[in-house]
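Structure first, then comments.
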Protein chains: 2
Amino acid sequence: MSVSRALNTPEQVSAAILAKVRAAVESTGYVANRVAGSLASQRSRLVAAVVPSIAGPVFQEMVQSLIAELAARDHQLMLGQSGYGTQKEDALLDAIIGRRPDGIVLGGVVPSAAGRRRLVASGIPVVETWDMVQDPIDMLVGFSHEAIATAVATFLIERGRRRLGFIGGNHERAARRASAFVDSALRGPARGRAVAVQVETVVAPATVRSGRQALGEMLRHQPETDAIFCSSDVLALGVVTEAAARGLRVPQDLAVVGFGDLDFAADVSPSLTTVRIDSTRIGQLAARFIVSRSEGLEVEEAKVDVGFSIVTRESA
Amino acid sequence: MSVSRALNTPEQVSAAILAKVRAAVESTGYVANRVAGSLASQRSRLVAAVVPSIAGPVFQEMVQSLIAELAARDHQLMLGQSGYGTQKEDALLDAIIGRRPDGIVLGGVVPSAAGRRRLVASGIPVVETWDMVQDPIDMLVGFSHEAIATAVATFLIERGRRRLGFIGGNHERAARRASAFVDSALRGPARGRAVAVQVETVVAPATVRSGRQALGEMLRHQPETDAIFCSSDVLALGVVTEAAARGLRVPQDLAVVGFGDLDFAADVSPSLTTVRIDSTRIGQLAARFIVSRSEGLEVEEAKVDVGFSIVTRESA
DNA sequence: TCGGCTTTTGGTAGCGCTACCAAACAATCA
DNA sequence: TGATTGTTTGGTAGCGCTACCAAAAGCCGA
């Protein structure tokens, strides 16, 4: 009917019909069934996002901007949690593919080989985020963990720190950052100037408590540690808190660098020096790429590095 | 066909057919189209949740448990953000209703009269959470802001505090808690013992920074304030930080009570005395109510008060 | 062997939309 | 005026499943 047009493309319909349809909609409280629409048009206007956990503060900002950006373009977000293990992930992927979303956003999730194949076979646009993987499934918006680790190591060494530490989660991404950090400290541009690097891992998701405990471990293994890079501001807050409890002065005795520039980073005491990522931009770009693609446009630059910056505050 | 049965109710199908179907599925990589299934069966296996913002830490735990509980029952979550204003909310509600979810979970969102009508008219099960409103649309899982405010006021007064303060967001829920706090302090069970109560509001969502600023305001208006109840642990962290910066000892000079028992509450210094809500349980119950309802079961106790507890730590 | 009974299987219709096409109508020009 | 183009409107088919029913098959005791 013309009703479908009146609702979806009102500019293609005469004022008379438009008014009639609007009146009818108003009086009956009709809300078009988008399930039927999706089936007929092969466009669900639904985008799925998969993150390891929504509880960690890390992906919040990205998810928030995804939802906002999608809503502005009349799309909705379906959210899945993969957990930090892989077993549930493939089942989740199937549940998602079955819903035929217009796109899938992977947030810091590295799919298994099988999952990857299903994703490709489904033909659904995929945006990997967070991580500049070398061989993306489809589109990519992220930043380089290696580059960040190198920049932070150099930053600390140039400030005279020699016995470095890294505290991060026990998962892929953090591990990559850890080894790049160690590499850069010992063999990077500031080569030879760092004396030692110690790595401690904590169980994901990161908490203030695990940050406190990790500092204890760190000092047990390498008592003269004078700088620590944490893979989350939450961990950094724990390290700073534990340092104060042990009578260590930050930054004089111990420099601390966090990650994420979470909302509290500037306002705790000492304020946190941290790595800032524009997560909002990541969410926006991911949403735009997917919507463009599902509108049939070719997405030109489908591999974007959003970069990072080191925000210098009191803690380092 | 029998294929549909083999996939959905395998116990109703002979081993021979089951094997054949499974083999075919395996070899073709077939993933059933749930959009078509939803349209035919009038069950989408999709549940919508609406929260003011996913960035605030308050709803995270609930959303997380919602996703987990729904996934265990083969349902997915669609997430909407209403913001802290009302204008976008009605449009969002329509977008949601159009998708014909099996249920809608409202997290701390009070719909407008028009929104409420559409919700009722849609016939979709609704669970309001977070707030024990007196006249729910449908089902309800929450706790009483008034009871909490009264309990905290009494708690502080019994500990000898006389000049109380309340810091909360500029929205409905916080306002209700604020006035109940003032009422209880001045006219409650501990009646007459509190000397003064001052309320400061901050722009939602709550941040550490706004907590710091609010303490400044509080002390400007009521310099002898000796106890503050914050409507979020994030605010409480800001208050504690600002107090330290001003040379106020917590709890000796100033008692601070937070809200939420967020993951950092036990591990910052001083650790936060706070109000604990079992948000995980709220999410679980909401999910169960909706799934049960959509399976045709009558939900017996559809109005649950999950209660709260005051966790006593160092800050008060 | 046969009628009743239960279990398993296959066919048909239809969920509520949109894509596509054809018909009707309006506007423009020779 | 009629032919030609462009715009608006309505009809039909079909998206890929599931509900429902009827037919077929298996099972039992008489």
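Following the order of the structure tokens, first chain is A, next is B, and so on, with residues numbered from 1 inside each chain and ligands from 1 in the order they appear.
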If you take only C-alpha atoms (C1' of nucleotides) and a cut-off of 7 Å, which residues of chain C touch chain B, and what are their nearest atom pairs and distances in Å to one decimal, in chain and number order, as JSON lines?
{"residue": "C:DT8", "atom": "C1'", "partner": "B:Val13", "partner_atom": "CA", "distance": 6.9}
{"residue": "C:DT9", "atom": "C1'", "partner": "B:Ser2", "partner_atom": "CA", "distance": 7.0}
{"residue": "C:DG10", "atom": "C1'", "partner": "B:Met1", "partner_atom": "CA", "distance": 6.6}
{"residue": "C:DC15", "atom": "C1'", "partner": "B:Ala40", "partner_atom": "CA", "distance": 4.6}
**Study point:** Neighbour list for Leu156 of chain B as a PyMOL selection string, cut-off 10 Å, only C-alpha atoms (C1' of nucleotides), skip fewer than 3 positions in-chain
**Key:** chain B and resi 151-153+159-164+185+190+194+226-229+255-257+316
Please write the residues from the selection above to a file, keeping C-alpha atoms, as a PDB file, in the first residue's frame.
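Result file part01.pdb:
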ATOM      1  CA  ALA B 151      17.947   4.064  57.290  1.00  0.00           C
ATOM      2  CA  VAL B 152      21.001   6.135  56.406  1.00  0.00           C
ATOM      3  CA  ALA B 153      19.718   9.203  58.255  1.00  0.00           C
ATOM      4  CA  ARG B 159      26.523   7.746  65.429  1.00  0.00           C
ATOM      5  CA  GLY B 160      26.272  11.219  66.822  1.00  0.00           C
ATOM      6  CA  ARG B 161      26.142  13.225  63.615  1.00  0.00           C
ATOM      7  CA  ARG B 162      23.987  16.338  63.765  1.00  0.00           C
ATOM      8  CA  ARG B 163      24.587  18.442  60.693  1.00  0.00           C
ATOM      9  CA  LEU B 164      23.817  16.260  57.748  1.00  0.00           C
ATOM     10  CA  ALA B 185      16.591  13.386  59.692  1.00  0.00           C
ATOM     11  CA  ALA B 190      15.589   9.911  65.398  1.00  0.00           C
ATOM     12  CA  ALA B 194      19.583  16.329  63.838  1.00  0.00           C
ATOM     13  CA  ASP B 226      29.613  16.425  59.869  1.00  0.00           C
ATOM     14  CA  ALA B 227      28.067  13.721  57.674  1.00  0.00           C
ATOM     15  CA  ILE B 228      27.162  13.380  54.018  1.00  0.00           C
ATOM     16  CA  PHE B 229      25.058  10.828  52.187  1.00  0.00           C
ATOM     17  CA  ALA B 255      31.332  10.893  57.809  1.00  0.00           C
ATOM     18  CA  VAL B 256      30.620   9.855  54.224  1.00  0.00           C
ATOM     19  CA  VAL B 257      28.098   7.255  53.062  1.00  0.00           C
ATOM     20  CA  ALA B 316      31.357   6.449  58.392  1.00  0.00           C
TER      21      ALA B 316
END
Exercise for review: Pick out each residue of segment 154-268 of chain B that DSSP on the backbone tags as alpha helix (DSSP H); I need them as a PyMOL selection string.
Suggested key: chain B and resi 154-158+172-187+208-221+233-245
Check your understanding: Hey, what's within 12 Å of segment 24-29 of chain D if we count only C-alpha atoms (C1' of nucleotides) and toss same-chain stuff fewer than 2 positions away? As a list of chain:residue names, please?
Key -> C:DC2, C:DG3, C:DG4, C:DC5, C:DT6, C:DT7, C:DT8, C:DT9, C:DG10, D:DA22
File of the preceding selection, C-alpha atoms (C1' of nucleotides), as a PDB file, in the first residue's frame:
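Done, and the output landed in again_20.pdb:
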ATOM      1  C1'  DC C   2      -7.840 -55.828  12.725  1.00  0.00           C
ATOM      2  C1'  DG C   3      -9.540 -51.638  15.100  1.00  0.00           C
ATOM      3  C1'  DG C   4      -8.269 -48.207  18.310  1.00  0.00           C
ATOM      4  C1'  DC C   5      -4.502 -45.599  20.187  1.00  0.00           C
ATOM      5  C1'  DT C   6      -0.289 -42.794  20.215  1.00  0.00           C
ATOM      6  C1'  DT C   7       3.635 -41.024  17.830  1.00  0.00           C
ATOM      7  C1'  DT C   8       5.861 -39.162  13.791  1.00  0.00           C
ATOM      8  C1'  DT C   9       5.661 -36.779   9.368  1.00  0.00           C
ATOM      9  C1'  DG C  10       4.284 -33.596   5.640  1.00  0.00           C
TER      10       DG C  10
ATOM     11  C1'  DA D  22      -4.436 -34.159   8.376  1.00  0.00           C
TER      12       DA D  22
END
Exercise for review: Select all residues from chain D having any atom no more than 12 Å from an atom of chain B (counting only C-alpha atoms (C1' of nucleotides), ignoring ligands), output as a VMD selection string.
Suggested key: chain D and resid 15 to 19
Practice item. Can you pull out every residue within 10 Å of Asp90 of chain A, counting only C-alpha atoms (C1' of nucleotides), but drop anything in the same chain fewer than 6 positions away, and send it as a PyMOL selection string? Key: chain A and resi 82+96+111-116+118
Could you save those same residues with C-alpha atoms as a PDB file, in the first residue's frame?
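Okay, this is what ended up in result26.pdb:
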ATOM      1  CA  SER A  82      31.360 -13.033  25.456  1.00  0.00           C
ATOM      2  CA  ILE A  96      23.488 -13.074  16.670  1.00  0.00           C
ATOM      3  CA  PRO A 111      36.906 -14.683  17.480  1.00  0.00           C
ATOM      4  CA  SER A 112      37.972 -18.298  17.144  1.00  0.00           C
ATOM      5  CA  ALA A 113      38.823 -19.643  13.704  1.00  0.00           C
ATOM      6  CA  ALA A 114      35.405 -21.291  13.502  1.00  0.00           C
ATOM      7  CA  GLY A 115      33.658 -18.126  14.625  1.00  0.00           C
ATOM      8  CA  ARG A 116      35.601 -16.158  12.092  1.00  0.00           C
ATOM      9  CA  ARG A 118      30.853 -18.244  10.262  1.00  0.00           C
TER      10      ARG A 118
END
